[in-house]
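Everything on this sheet refers to the single structure shown next.
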Amino acid sequence: MNPMKCMLSTMLLVLSLGCYGQVKITSEDLNLAVGDWEGSITYLDYQSNTPFTMPANLIVEKGNNENTLILYNSYPKEPKANNSDKIKISKNGLLLNKHKISSREEFENGSIQIQTEHDAKDDGKKARIRYSYRIGQDVFVIRKDVQFEESADWIKRSEFRYTRKK
């Protein structure tokens with residue numbers, strides 16, 4: 001084989017192996033979340049080191065393109081905390097909210113779980129952040145886990161847990 005063909009073959013092999021390990025998602029993965037939801041948020045209060053739970057409702061609508069969802073959060077007991085947020089998939093399907101997708105898993109009941117991980121700060125300290133999105137016909141969960149630098153343990157920082165309104 002001539003050296004140029006050998007080099008091109010090697011480059012193509014390396015490129016294809018690099019793409020093989022990447023986890024991708026599509027707008028179809030997120031479309032299950034569209035609708036009205038009710039449930040709760042539980043978050044870890046770092047000052048008391050105890051979890052706090054309160055009611056939460058959510059309306060999920062499609063955004064201005066197929067790769068974006070708009071989340072309208074409302075808190076019946078704390079309306080001043082009401083807000084909106086977005087979930088956005090990159091055009092190539094490799095990022096969710098600008099974070100690399102680390103896994104995508106399908107379950108027998110038709111629900112999926114998508115996880116992302118990235119380095120950031122939490123409570124002013126360097127940490128690894130993992131978001132888990134569980135989306136199904138009747139369940140929608142967004143969970144944030146934190147692993148502080150110098151620690152092997154993951155801490156559940158917050159979890160939104162919803163069921164679809166009938």
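Naming works like this for the structure tokens: A, B, ... for the chains as they're shown, residue 1 at the start of each chain, ligands 1 onward in shown order.
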Name the residues of range 23-152 of chain A that come out as strand (DSSP E or B) in a backbone DSSP run; write them as an MDAnalysis selection string.
chainID A and resid 35:45 50:62 68:74 83:89 95:96 99:106 112:122 125:135 139:148
List as number ranges by chain the protein and nucleic acid residues near range 53-66 of chain A, meaning an atom at most 12 Å away when only C-alpha atoms are counted, but skip any in the same chain fewer than 4 places from it.
A: 26-45, 70-79, 81-91, 93, 135, 139-142, 157-165
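Each of A:Lys100, A:Lys126, A:Lys166, A:Arg134 was checked against Glu150 in chain A using only C-alpha atoms; the smallest atom-to-atom distance is that of A:Lys126.
Between CA of Lys24 in chain A and CA of Thr68 in chain A the interatomic distance comes to 15.3 Å.
Here the alpha helix (DSSP H) residues in chain A, by DSSP on the backbone, are Pro3, Met4, Lys5, Cys6, Met7, Leu8, Ser9, Thr10, Met11, Leu12, Leu13, Val14, Leu15, Ser16, Leu17, Gly18, Cys19, Tyr20, Ser27, Glu28, Asp29, Leu30 and Asn31 of chain A.
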Please provide the set of residues having any atom within 12 Å of Lys125 in chain A, restricted to only C-alpha atoms, with same-chain residues fewer than 6 positions apart removed, written as a list of chain:residue names.
A:Asp119, A:Val146, A:Gln147, A:Phe148, A:Glu149, A:Glu150, A:Ser151
May I have the selected residues written with N, CA and C atoms, as an mmCIF file, in the first residue's frame?
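Output contents, as saved in again-v1.cif:
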```cif
data_model
loop_
_atom_site.group_PDB
_atom_site.id
_atom_site.type_symbol
_atom_site.label_atom_id
_atom_site.label_comp_id
_atom_site.auth_asym_id
_atom_site.auth_seq_id
_atom_site.Cartn_x
_atom_site.Cartn_y
_atom_site.Cartn_z
ATOM 1 N N ASP A 119 -17.287 20.121 34.792
ATOM 2 C CA ASP A 119 -16.610 20.718 35.940
ATOM 3 C C ASP A 119 -17.130 22.131 36.138
ATOM 4 N N VAL A 146 -23.497 16.356 42.888
ATOM 5 C CA VAL A 146 -22.246 17.097 42.986
ATOM 6 C C VAL A 146 -21.175 16.214 43.623
ATOM 7 N N GLN A 147 -20.004 16.227 43.013
ATOM 8 C CA GLN A 147 -18.838 15.543 43.583
ATOM 9 C C GLN A 147 -17.754 16.609 43.762
ATOM 10 N N PHE A 148 -17.513 16.982 45.013
ATOM 11 C CA PHE A 148 -16.521 18.011 45.271
ATOM 12 C C PHE A 148 -15.118 17.480 45.014
ATOM 13 N N GLU A 149 -14.237 18.388 44.584
ATOM 14 C CA GLU A 149 -12.837 18.040 44.352
ATOM 15 C C GLU A 149 -12.286 17.416 45.628
ATOM 16 N N GLU A 150 -11.445 16.440 45.492
ATOM 17 C CA GLU A 150 -10.844 15.727 46.630
ATOM 18 C C GLU A 150 -11.817 14.749 47.307
ATOM 19 N N SER A 151 -12.975 14.502 46.707
ATOM 20 C CA SER A 151 -13.938 13.562 47.299
ATOM 21 C C SER A 151 -14.353 12.534 46.258
#
```
For Ile25 in chain A, find every residue with an atom within 9 Å (counting only C-alpha atoms), except residues of its own chain fewer than 5 positions away, and show them as a ChimeraX atom specification.
/A:30,89,92-96,101,104,114
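The coordinates place CA of Lys144 in chain A at 11.4 Å from CA of His118 in chain A.
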